[in-house]
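Participant: Next up is a structure, given as structure tokens.
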Number of protein chains: 6
Amino acid sequence: MQERTVYVDGIFVPESKASISVFDRGVQWGDSVYDAARTYNRRPFKVREHIERLYSSCLYTRMPLPLSIDEMEKITNEVVERNMPLVASDHDDMIWWSVTRGVNPPSRSVLDCKRANVIVSTFPVPFFNFAKPMMVGAKVVTPSIRRTPSQCVDAKAKISGKMNHILADLEAKGSDPEAYSLMLDINGNISENSSGNIFWVKGGQLFTPTSRNILVGVSRTTIFELASRLNVEVVEGDFTLLDLYTADEAFLSSTPYGILPIATLNGAEIGRETPGPTTKSLTESWSRLVGIDIVSQAQKCSAPATPVLSP
Amino acid sequence: MQERTVYVDGIFVPESKASISVFDRGVQWGDSVYDAARTYNRRPFKVREHIERLYSSCLYTRMPLPLSIDEMEKITNEVVERNMPLVASDHDDMIWWSVTRGVNPPSRSVLDCKRANVIVSTFPVPFFNFAKPMMVGAKVVTPSIRRTPSQCVDAKAKISGKMNHILADLEAKGSDPEAYSLMLDINGNISENSSGNIFWVKGGQLFTPTSRNILVGVSRTTIFELASRLNVEVVEGDFTLLDLYTADEAFLSSTPYGILPIATLNGAEIGRETPGPTTKSLTESWSRLVGIDIVSQAQKCSAPATPVLSP
Amino acid sequence: MQERTVYVDGIFVPESKASISVFDRGVQWGDSVYDAARTYNRRPFKVREHIERLYSSCLYTRMPLPLSIDEMEKITNEVVERNMPLVASDHDDMIWWSVTRGVNPPSRSVLDCKRANVIVSTFPVPFFNFAKPMMVGAKVVTPSIRRTPSQCVDAKAKISGKMNHILADLEAKGSDPEAYSLMLDINGNISENSSGNIFWVKGGQLFTPTSRNILVGVSRTTIFELASRLNVEVVEGDFTLLDLYTADEAFLSSTPYGILPIATLNGAEIGRETPGPTTKSLTESWSRLVGIDIVSQAQKCSAPATPVLSP
Amino acid sequence: MQERTVYVDGIFVPESKASISVFDRGVQWGDSVYDAARTYNRRPFKVREHIERLYSSCLYTRMPLPLSIDEMEKITNEVVERNMPLVASDHDDMIWWSVTRGVNPPSRSVLDCKRANVIVSTFPVPFFNFAKPMMVGAKVVTPSIRRTPSQCVDAKAKISGKMNHILADLEAKGSDPEAYSLMLDINGNISENSSGNIFWVKGGQLFTPTSRNILVGVSRTTIFELASRLNVEVVEGDFTLLDLYTADEAFLSSTPYGILPIATLNGAEIGRETPGPTTKSLTESWSRLVGIDIVSQAQKCSAPATPVLSP
Amino acid sequence: MQERTVYVDGIFVPESKASISVFDRGVQWGDSVYDAARTYNRRPFKVREHIERLYSSCLYTRMPLPLSIDEMEKITNEVVERNMPLVASDHDDMIWWSVTRGVNPPSRSVLDCKRANVIVSTFPVPFFNFAKPMMVGAKVVTPSIRRTPSQCVDAKAKISGKMNHILADLEAKGSDPEAYSLMLDINGNISENSSGNIFWVKGGQLFTPTSRNILVGVSRTTIFELASRLNVEVVEGDFTLLDLYTADEAFLSSTPYGILPIATLNGAEIGRETPGPTTKSLTESWSRLVGIDIVSQAQKCSAPATPVLSP
Amino acid sequence: MQERTVYVDGIFVPESKASISVFDRGVQWGDSVYDAARTYNRRPFKVREHIERLYSSCLYTRMPLPLSIDEMEKITNEVVERNMPLVASDHDDMIWWSVTRGVNPPSRSVLDCKRANVIVSTFPVPFFNFAKPMMVGAKVVTPSIRRTPSQCVDAKAKISGKMNHILADLEAKGSDPEAYSLMLDINGNISENSSGNIFWVKGGQLFTPTSRNILVGVSRTTIFELASRLNVEVVEGDFTLLDLYTADEAFLSSTPYGILPIATLNGAEIGRETPGPTTKSLTESWSRLVGIDIVSQAQKCSAPATPVLSP
């Protein structure tokens, strides 16, 4: 089986050779940021937006980036082009950037790190993972774990160290492996899923948490654009669980699936049908935007993916 | 130049080959825990205590560990033994464990990770890094960044994702590269340095933050033991900056240096001399405990370390 | 079928007639406190302690109680005595006190309420409800709902308005109907189950949250007494989830069951066996104290209870 | 004296017979929600809006309602019609809905409650209670008790368990029985009175706390509508006490009185006259809306009400 | 009438001439700390302890003090000796230290302030102010204003800028001019009166808030000493209002009055009699310690004091 | 050398005689509010706005002001007119108001203070203090000290007791004497500099913290007006450090300097050049508004000011 190509610190290597030193600060201390996009119809979607957000994360964490935004985009496109021949015709790939602060210097001081380690890879979109909830709706559970407040690490930065989200998933999935976690912030406001944003519809308006305590998704921004075209007003704010329990419909947004309808919140049904009418309209608009029926693709491509590497 | 040996996921490899896949969750999502010990007189110090804390971190994060504690200790000792011939006679090595959740499975779900990736390595103690403050005292600065609260990620777990600490260091070192950061928790209680605990002396008693919002250091526990022998009472509690500004003396404790006296807090001198008399007594007790004069060693071995790998 | 007797506002009535006006503030505004005890071997257990706590709740909420503590105890004993003939020989009854502020006065002002409405009743201990987890351990889940902080309503008062706890149960049971909820306080400290306190064992010590943000159970105090006899030290403090995930064993304490071993926390097993050795010892001590094998009784009496009233 | 009729769990009964079992969860655990409207000119005012809010509270608390919204409205109208002949010609009645989760099932588990208990009643508007402050202004006092945060129980749900508000009233009235309490939320933002919302005027604009940490009053919404007609802009936000101390005028809004001018805040006069000009205009608009002079009615009907039931 | 002498910035002046520039940072920015003691039997009481606390406040705020502790004590004694002839034989004086950062330098930078301005004065103990509550008990009210958290300004420092306390008094006295305020901290824990600490008795133990969020009174420490002699255990901790509402007795401690019994909390009576038996014992012990009956003195000297200066 | 004139409590005095009693509550307890304006081209700038804000602070703190706003403005103008002959032709003066609650009455109760002490003075604008950063940009540092929350003392009131801000400056300047502090609030939102507000530019919009947790500067309002003329949208909100680290440009606003460009945040450069283009435009607009080139004036007048009084 042929391998995908990965860009690692200046060179292109086959994925089975794509590795970094165990002395890299990304491994030792999670001193790393990342971003993730995907292709639609085998073409990268909003790659520039993702790279700009990646550079914002780098600015916040002072990563000594050796590449300009344009160079990063060029390399990304090259990785995608090299790998597309390995992607089945109806499938698509995720695009993944990791930027670590490099091998820990002898001083182990952050000030002595002079060149960040940039990694660009692609791997199959895990369709089988969300094919079913895309039809019947996701089961959302609110764990006790709260989203890390921005006075500790800014939620708007896409930091690799996601243990906060992983613990939330572990809690939510502890009772039901199919559950999707939905974290609140430490003030009890609805925040985000471990890898997606949340929206709900009530009285014809679309609601979503403000950008203050969340990772501002590129998919979330896409929803704003689609809603605007559909003349659906989007209201950002600080919301609490009653708002979601009494919603007419609700969905998650994230890069792999775009839009994922929500069926239940902590076991209580949200709205009367899943997906609701606005969710359906937005999903259709999304499909038109990317030139592919995103629900059908998920169903068609839902065979379990081959591991990238034998784990 | 000969290389140290590293244990990576079941095998022993030279350090320049010690790497992990860029698809490992430790790289992609900081889904990893770690611990760090060191040798004194070329013998591992309190390795069992460090491994037990590592296993506590693994339990909290539900890492699917493939090794028992005894096996881990055995492997650790083997790594140390293999590497000792490469350590100069008056030097010592750090011992580092990383446990990642392994290569991200196709589902990308935490529940499908069945075998954690264990890494055990050693590298030189960075004496040159603390040789000077060991003599004249560290300059401690309190950044605006707060320690992540335990309702988000438990501070008592040694999670690899240390961006919270790294941001604190970046702030503190932004005005003075020699500064050591001291984080407060979100309630304003004194918490910890990015890689050490804090103690201070007042009226003959030793004070230190409670274990609730800190990583409970093995060095901290050692200080408790030494203080007990010196009949110095240790008081744990929630303390605020006035307590530290009005202290008679203060110091940090951490694995690499053991005890590091503090000279100033945000530019204000702490106490009348650095190190203070209790700090000196504890340092001498520490030296006796480990069979080596820890201050002298730091001075003697303070030449800049050779990089483990060219960064 | 003969009915139990209930004391309602000065008179003894059969349970099917035991009711209060829909204009009572206890109905309209949950303006009410309560307490609950049970019999062991058909004798009330620590009734005086429960009544004293009830009076503490009344003092805090300024309930205009028409009865002294002694009168309340006398009435309670009379209700129990009247009802015991209706209790099967191996069964026991719960004892329940409700104190409402009475019918809302025309002014609807709290200052115009002059005489609280006292209700004393008994009903079967719901053995069938905890018979199974008493053998195999409870499945504990931490909901996102936080315990109301004492600056809003003091957690140490046993207020009838338990919507906070009920919402916690609804969340926890939303994924698994058998789950027991465990609430954290708004700072992320472990607080309490909707109707019980929590304990865990680690390194031979017994740990439990401080009394600050919990309802201080009479069963909790009983555990303190039994632990003291077994020379097990009890440590009260502010604890977080890592403490519980890494415990050797854990259990809940509450009036109906006394001690209930915990099997899992959010799906993760606690300790190596359920119940653990200390939990077993405490359970045996409890049985000796009350003169009945509490585990056996639960098994024997686990047939679904007859409803008090057809709901 | 003839009695009003009350709807209780499916049947119409005279008020002296309108009661619920002491084993009802509404009595034992305040497991209940409610709402309250009133008539103006003997006609129900915005009953549909109140019932919709009641259903929102039921959805949040998962009350197993046996009635549709339309059925509830029909029953409500019937109760009002039956009772109107008992209401003096210039008087009006309050309309009160309570929905409890019914008699506690033998398991005492929330999941086994299958049919909520619905109560609909009316009783005289307590005009004498606010007749005086309607003329001279209310004395508002901020107690130390904070409004329960929505991460514990959502402030937007009208939960029966109002001990939080009752404690606030007890504090505020402890020094002055005529005082109206005004609670802050736990972040110190102005929240609400125990049974009303607050507004103030400054520089021609109308200010009021956001809907996040308050019960969103139907009267509050009415104020928004009236202000819109008067071309007065309403600004919702997070406000603190300085905003209110420096206001030009202020008032409370609630179902019984509509608008109640505020004279003082913690003893300090608000503005130059009570009521202020905007308050007066809004009061006049309100009177026009409901077809009755609400200030005059309060004065005319201010004889102490006859108790519904002898308390 | 002869004037008392005041020490101002190095010289002794009559009180009517004791002034500081309006350009002093103490006037412009409250950049100042203070402390206050009193005489008993015309002799300074615990002056050294007060001066040490003053120096702790100076250390925290980095005041450039021109005097050693010994010099400060000597000057203080001289001020007291000069003024004692002006004090009536059965009266006593307060002793007051203010330390400002001096006249604002042209740069207006805190770093350019090189010499603090020290003021030492005395004035009559305001006996008439607490003579009545010393007999019948103080009326304590909890305002909505919270004690400033130590992450903003450390509560353990005696900062001159007391607007936080003054606002608390204004709120509490807004409904009842005789009220004493009792502030909570932002977590709802009982903190302190605007110029005193609080204690209460329950079950034979004495309770008081921990030193974390309060100004640790010298009178508070004196209570600890007296309690120790009476074999009354003192428990420090985080307490909430229920603890105080259900206390057997309660009192305030402060320099002017020593011990002041509490009669009511927000209008609710505390305990059965005022003062309670333990409060009485402590008061008697205090009187013995200072060689004067402190209750009698307050009654005898309760004529309104002559103003220091015509205000 | 001739002296400036100061208005103190009803009379005009030379600045060397302008003093207040050490028994004034402004000295003893920081019981005082203040405001500060300046002249441009020797004419007072927005004096009315400053006085109105001063009166708002007085209302909040219940200062018993003996002067109407018009009287205050008249006195202020007189002080300025008297002092202008002493101001060099190209210089300008600060205008300073202090309002204290007067000499502490014998009762020491806030309720017995009947007449506030009003002080109006002028002194040279400290140009030399900001001349350099006006050219090269300020170095901004975020200290650990948080802005006092409004539930303790309302941030919108200009209270004299600025120890919170002074401690922030001491921390920030502890590592670099040239640093400007930037405080966060206790939730981690960007708040304010010790004597200025903050703005930043991103994507063509101007951002600044909401008025909730800051002192709302008159300069800040001026920026809003200038931005409006330049068609630059101003967005108020709750922002965190990432927002500022990723800004295109940033600046402070305050009375003495108007606009001060920011070069670095905790050592990281903000944007590409200092000042940025929008900052430059706003500075030019400001200069046009006040009829003087504010950057040039600062450079020309940057000789160290003569002390008002020898400190």
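Residues are referred to by chain and number: the chain letter is A, B, ... according to the order shown in the structure tokens, the number counts from 1 in that chain, and ligands are numbered separately from 1 in the order shown.
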Show me, as a Markdown table, the residues of chain A having an atom within 6 Å of chain D, each with the closest atom pair and its distance in Å, using only C-alpha atoms.

Facilitator:
| residue | atom | partner | partner_atom | distance |
| --- | --- | --- | --- | --- |
| A:Gly188 | CA | D:Gln151 | CA | 4.5 |
| A:Leu242 | CA | D:Tyr60 | CA | 5.7 |
| A:Tyr245 | CA | D:Tyr60 | CA | 5.8 |

Participant: Residues of the last selection are to be written out with C-alpha atoms, as a tab-separated table (two decimals), in the first residue's frame.

Facilitator:
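File written: selection-v1.tsv
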chain	number	residue	atom	x	y	z
A	188	GLY	CA	-21.75	27.93	33.60
A	242	LEU	CA	-32.22	26.24	29.77
A	245	TYR	CA	-33.20	22.51	26.58

Participant: Determine, counting only C-alpha atoms, which protein, DNA and RNA residues have an atom within 12 Å of an atom of Phe23 (chain E); residues of the same chain fewer than 5 positions away are not included. Present the result as a PyMOL selection string.

Facilitator: (chain E and resi 28-31+100-106+108) or (chain F and resi 6+8+15-20+27+96-98+119-123+307-311)

Participant: Once you have the residues from the selection above, write them out as a compact mmCIF listing (two decimals), in the first residue's frame, restricted to N, CA and C atoms.

Facilitator:
# COMPACT_ATOMS: atom_id res chain seq x y z
N GLN E 28 -3.90 62.53 47.36
CA GLN E 28 -4.31 62.43 45.95
C GLN E 28 -4.76 61.01 45.58
N TRP E 29 -4.06 59.99 46.12
CA TRP E 29 -4.32 58.62 45.67
C TRP E 29 -4.48 57.61 46.81
N GLY E 30 -4.69 58.10 48.02
CA GLY E 30 -4.83 57.12 49.12
C GLY E 30 -3.63 56.20 49.19
N ASP E 31 -2.46 56.71 48.76
CA ASP E 31 -1.25 55.88 48.73
C ASP E 31 -0.64 55.89 50.12
N THR E 100 2.25 57.78 54.59
CA THR E 100 1.94 58.02 53.18
C THR E 100 3.24 57.98 52.36
N ARG E 101 3.07 57.90 51.03
CA ARG E 101 4.28 57.83 50.20
C ARG E 101 4.83 59.23 49.91
N GLY E 102 4.28 60.24 50.58
CA GLY E 102 4.81 61.61 50.44
C GLY E 102 4.25 62.36 49.25
N VAL E 103 4.75 63.58 49.09
CA VAL E 103 4.27 64.43 48.00
C VAL E 103 4.55 63.75 46.66
N ASN E 104 3.56 63.79 45.79
CA ASN E 104 3.71 63.18 44.47
C ASN E 104 4.89 63.83 43.74
N PRO E 105 5.86 63.03 43.28
CA PRO E 105 7.00 63.63 42.57
C PRO E 105 6.56 64.12 41.19
N PRO E 106 7.36 64.99 40.57
CA PRO E 106 6.99 65.52 39.25
C PRO E 106 6.66 64.40 38.25
N ARG E 108 5.33 61.71 38.95
CA ARG E 108 4.15 61.01 39.44
C ARG E 108 4.33 59.50 39.42
N VAL F 6 -4.25 77.29 45.14
CA VAL F 6 -5.07 76.10 45.33
C VAL F 6 -6.34 76.48 46.09
N VAL F 8 -8.93 75.32 48.69
CA VAL F 8 -9.07 74.29 49.72
C VAL F 8 -10.22 74.64 50.65
N GLU F 15 0.11 77.25 46.97
CA GLU F 15 0.25 75.79 47.01
C GLU F 15 1.06 75.28 48.20
N SER F 16 2.02 76.07 48.66
CA SER F 16 2.80 75.59 49.80
C SER F 16 1.99 75.61 51.09
N LYS F 17 0.87 76.28 51.08
CA LYS F 17 0.00 76.29 52.27
C LYS F 17 -1.21 75.38 52.08
N ALA F 18 -1.29 74.76 50.91
CA ALA F 18 -2.47 73.95 50.61
C ALA F 18 -2.34 72.60 51.28
N SER F 19 -3.00 72.45 52.40
CA SER F 19 -2.86 71.20 53.14
C SER F 19 -4.18 70.86 53.82
N ILE F 20 -4.27 69.63 54.27
CA ILE F 20 -5.47 69.24 55.01
C ILE F 20 -5.03 68.53 56.28
N VAL F 27 -7.22 61.50 54.69
CA VAL F 27 -5.89 61.07 55.09
C VAL F 27 -5.97 59.77 55.89
N TRP F 96 -6.73 69.32 39.07
CA TRP F 96 -6.98 68.19 39.99
C TRP F 96 -8.03 68.57 41.02
N TRP F 97 -9.04 67.70 41.12
CA TRP F 97 -10.05 67.88 42.17
C TRP F 97 -9.95 66.73 43.17
N SER F 98 -9.91 67.04 44.44
CA SER F 98 -10.07 66.02 45.48
C SER F 98 -11.26 66.42 46.34
N ILE F 119 -11.06 70.31 47.21
CA ILE F 119 -9.74 70.86 46.87
C ILE F 119 -9.62 70.93 45.36
N VAL F 120 -9.22 72.08 44.85
CA VAL F 120 -8.98 72.22 43.40
C VAL F 120 -7.59 72.81 43.21
N SER F 121 -6.77 72.10 42.45
CA SER F 121 -5.39 72.57 42.24
C SER F 121 -4.98 72.35 40.79
N THR F 122 -3.89 72.98 40.42
CA THR F 122 -3.28 72.67 39.11
C THR F 122 -1.78 72.47 39.31
N PHE F 123 -1.18 71.76 38.39
CA PHE F 123 0.29 71.54 38.43
C PHE F 123 0.72 71.13 37.03
N PRO F 307 9.57 70.11 40.93
CA PRO F 307 8.58 69.60 41.88
C PRO F 307 7.61 70.68 42.29
N VAL F 308 6.40 70.33 42.49
CA VAL F 308 5.40 71.26 43.01
C VAL F 308 5.87 71.75 44.38
N LEU F 309 6.20 70.78 45.20
CA LEU F 309 6.73 71.05 46.53
C LEU F 309 7.94 70.16 46.68
N SER F 310 8.92 70.62 47.41
CA SER F 310 10.06 69.71 47.62
C SER F 310 9.55 68.50 48.38
N PRO F 311 9.63 67.33 47.79
CA PRO F 311 9.05 66.15 48.42
C PRO F 311 9.88 65.72 49.65

Participant: Have a look at CA of Gly204 (chain C) and CA of Ser254 (chain B) and let me know their distance in Å, one decimal.

Facilitator: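 CA of Gly204 (chain C) sits 27.8 Å away from CA of Ser254 (chain B).
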
Participant: Using only C-alpha atoms, find the one residue out of B:Val218, B:Ile294, B:Ala88, B:Met163 that sits nearest to His50 (chain B).

Facilitator: B:Val218

Participant: Using DSSP on the backbone coordinates, identify all residues within region 51-132 of chain E classified as strand (DSSP E); present the result as a ChimeraX atom specification.

Facilitator: /E:93-100,117-124

Participant: Produce a file of the selected residues containing all heavy atoms, as a short mmCIF file (atom, residue, chain, number, x, y, z; two decimals), in the first residue's frame.

Facilitator:
data_model
loop_
_atom_site.label_atom_id
_atom_site.label_comp_id
_atom_site.auth_asym_id
_atom_site.auth_seq_id
_atom_site.Cartn_x
_atom_site.Cartn_y
_atom_site.Cartn_z
N ASP E 93 -6.87 57.21 75.28
CA ASP E 93 -6.70 57.76 73.93
C ASP E 93 -6.47 56.65 72.90
O ASP E 93 -5.88 55.61 73.21
CB ASP E 93 -5.47 58.70 73.89
CG ASP E 93 -5.91 60.17 73.80
OD1 ASP E 93 -7.08 60.46 74.13
OD2 ASP E 93 -5.08 61.01 73.39
N MET E 94 -6.92 56.90 71.69
CA MET E 94 -6.50 56.11 70.54
C MET E 94 -5.11 56.59 70.12
O MET E 94 -4.78 57.77 70.29
CB MET E 94 -7.46 56.31 69.36
CG MET E 94 -8.90 55.93 69.60
SD MET E 94 -9.14 54.16 69.85
CE MET E 94 -8.59 53.51 68.27
N ILE E 95 -4.33 55.69 69.54
CA ILE E 95 -3.03 56.05 68.96
C ILE E 95 -3.11 55.71 67.48
O ILE E 95 -3.54 54.60 67.11
CB ILE E 95 -1.89 55.21 69.60
CG1 ILE E 95 -1.91 55.42 71.12
CG2 ILE E 95 -0.54 55.61 69.00
CD1 ILE E 95 -1.04 54.41 71.86
N TRP E 96 -2.74 56.65 66.64
CA TRP E 96 -2.96 56.47 65.20
C TRP E 96 -1.67 56.73 64.42
O TRP E 96 -1.04 57.76 64.61
CB TRP E 96 -4.04 57.48 64.75
CG TRP E 96 -4.63 57.19 63.41
CD1 TRP E 96 -4.15 57.61 62.20
CD2 TRP E 96 -5.84 56.48 63.14
NE1 TRP E 96 -4.98 57.18 61.20
CE2 TRP E 96 -6.03 56.49 61.75
CE3 TRP E 96 -6.78 55.84 63.94
CZ2 TRP E 96 -7.12 55.87 61.14
CZ3 TRP E 96 -7.86 55.23 63.35
CH2 TRP E 96 -8.03 55.24 61.96
N TRP E 97 -1.32 55.78 63.58
CA TRP E 97 -0.17 55.97 62.68
C TRP E 97 -0.67 56.03 61.23
O TRP E 97 -1.43 55.16 60.81
CB TRP E 97 0.80 54.80 62.75
CG TRP E 97 1.41 54.51 64.07
CD1 TRP E 97 2.61 54.96 64.53
CD2 TRP E 97 0.90 53.64 65.10
NE1 TRP E 97 2.87 54.46 65.79
CE2 TRP E 97 1.84 53.65 66.16
CE3 TRP E 97 -0.28 52.90 65.25
CZ2 TRP E 97 1.65 52.92 67.33
CZ3 TRP E 97 -0.46 52.17 66.42
CH2 TRP E 97 0.49 52.19 67.44
N SER E 98 -0.24 57.02 60.50
CA SER E 98 -0.45 57.03 59.05
C SER E 98 0.92 57.11 58.39
O SER E 98 1.76 57.90 58.81
CB SER E 98 -1.30 58.22 58.60
OG SER E 98 -2.62 58.13 59.08
N VAL E 99 1.11 56.31 57.35
CA VAL E 99 2.36 56.39 56.58
C VAL E 99 1.98 56.58 55.12
O VAL E 99 1.40 55.68 54.49
CB VAL E 99 3.20 55.11 56.72
CG1 VAL E 99 4.46 55.19 55.86
CG2 VAL E 99 3.58 54.87 58.18
N THR E 100 2.25 57.78 54.59
CA THR E 100 1.94 58.02 53.18
C THR E 100 3.24 57.98 52.36
O THR E 100 4.33 58.04 52.92
CB THR E 100 1.28 59.40 52.97
OG1 THR E 100 2.32 60.39 52.92
CG2 THR E 100 0.31 59.74 54.07
N ASN E 117 6.04 59.62 54.43
CA ASN E 117 5.64 60.63 55.39
C ASN E 117 4.97 59.92 56.56
O ASN E 117 3.94 59.27 56.40
CB ASN E 117 4.66 61.60 54.69
CG ASN E 117 4.27 62.76 55.56
OD1 ASN E 117 4.66 62.82 56.73
ND2 ASN E 117 3.51 63.68 55.00
N VAL E 118 5.57 60.02 57.74
CA VAL E 118 5.05 59.31 58.91
C VAL E 118 4.30 60.26 59.84
O VAL E 118 4.82 61.33 60.16
CB VAL E 118 6.21 58.64 59.69
CG1 VAL E 118 5.69 57.98 60.97
CG2 VAL E 118 6.92 57.62 58.82
N ILE E 119 3.12 59.89 60.24
CA ILE E 119 2.29 60.71 61.14
C ILE E 119 1.88 59.85 62.33
O ILE E 119 1.42 58.73 62.15
CB ILE E 119 1.02 61.19 60.40
CG1 ILE E 119 1.40 61.98 59.15
CG2 ILE E 119 0.14 62.02 61.32
CD1 ILE E 119 0.30 62.03 58.10
N VAL E 120 2.09 60.40 63.53
CA VAL E 120 1.65 59.69 64.75
C VAL E 120 0.82 60.66 65.58
O VAL E 120 1.29 61.75 65.91
CB VAL E 120 2.85 59.20 65.59
CG1 VAL E 120 2.35 58.32 66.74
CG2 VAL E 120 3.85 58.44 64.72
N SER E 121 -0.40 60.24 65.89
CA SER E 121 -1.28 61.14 66.65
C SER E 121 -2.07 60.34 67.68
O SER E 121 -2.07 59.11 67.66
CB SER E 121 -2.26 61.84 65.69
OG SER E 121 -3.11 60.88 65.10
N THR E 122 -2.69 61.05 68.59
CA THR E 122 -3.64 60.40 69.50
C THR E 122 -4.91 61.25 69.54
O THR E 122 -4.89 62.44 69.23
CB THR E 122 -3.10 60.24 70.93
OG1 THR E 122 -3.23 61.48 71.63
CG2 THR E 122 -1.65 59.77 70.94
N PHE E 123 -6.00 60.63 69.93
CA PHE E 123 -7.28 61.35 70.09
C PHE E 123 -8.17 60.47 70.98
O PHE E 123 -7.89 59.28 71.16
CB PHE E 123 -7.93 61.64 68.74
CG PHE E 123 -8.11 60.45 67.85
CD1 PHE E 123 -9.23 59.64 67.97
CD2 PHE E 123 -7.14 60.11 66.91
CE1 PHE E 123 -9.38 58.53 67.15
CE2 PHE E 123 -7.29 59.00 66.09
CZ PHE E 123 -8.42 58.20 66.21
N PRO E 124 -9.22 61.04 71.52
CA PRO E 124 -10.01 60.30 72.51
C PRO E 124 -10.64 59.03 71.95
O PRO E 124 -11.13 59.02 70.81
CB PRO E 124 -11.11 61.30 72.90
CG PRO E 124 -10.56 62.63 72.58
CD PRO E 124 -9.68 62.44 71.38
#

Participant: In Å, with one decimal, what is the gap from CA of Thr76 (chain B) to CA of Gly161 (chain B)?

Facilitator: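 Pair CA of Thr76 (chain B) / CA of Gly161 (chain B) returns 22.6 Å.
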
Participant: Region 21-186 of chain F: which residues are helix (DSSP H, G or I) by DSSP, as a VMD selection string?

Facilitator: chain F and resid 25 to 28 47 to 61 69 to 86 110 to 112 127 to 136 163 to 175

Participant: Mind giving me the straight-line distance from CA of Pro275 (chain C) to CA of Gly291 (chain C) in Å, one decimal?

Facilitator: 20.8 Å

Participant: Hey, what's within 9 Å of Met135 (chain E) if we count only C-alpha atoms and toss same-chain stuff fewer than 3 positions away? As an MDAnalysis selection string, please?

Facilitator: chainID E and resid 130:132 138 260:261 274:275 295 299

Participant: Please list as a count of residues only every residue within 12 Å of region 283-290 of chain A, counting only C-alpha atoms and excluding residues in the same chain fewer than 4 positions away.

Facilitator: 43

Participant: Find, counting only C-alpha atoms, the residue in A:Glu192, A:Asp112, A:Glu236, A:Glu49 that gets nearest to Met63 (chain A).

Facilitator: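 Once distances to Met63 (chain A) are computed over only C-alpha atoms, the minimum belongs to A:Asp112.
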
Participant: Report as a count of residues only all protein, DNA and RNA residues lying within 12 Å of Lys74 (chain D), evaluated on only C-alpha atoms, omitting residues in the same chain fewer than 5 positions from it.

Facilitator: 12

Participant: Could you list, as a PyMOL selection string, every residue within 10 Å of Glu171 (chain D), counting only C-alpha atoms and ignoring same-chain residues fewer than 5 positions away?

Facilitator: (chain D and resi 141-145+165-166+176-177+179+181) or (chain E and resi 141-143+265-268)
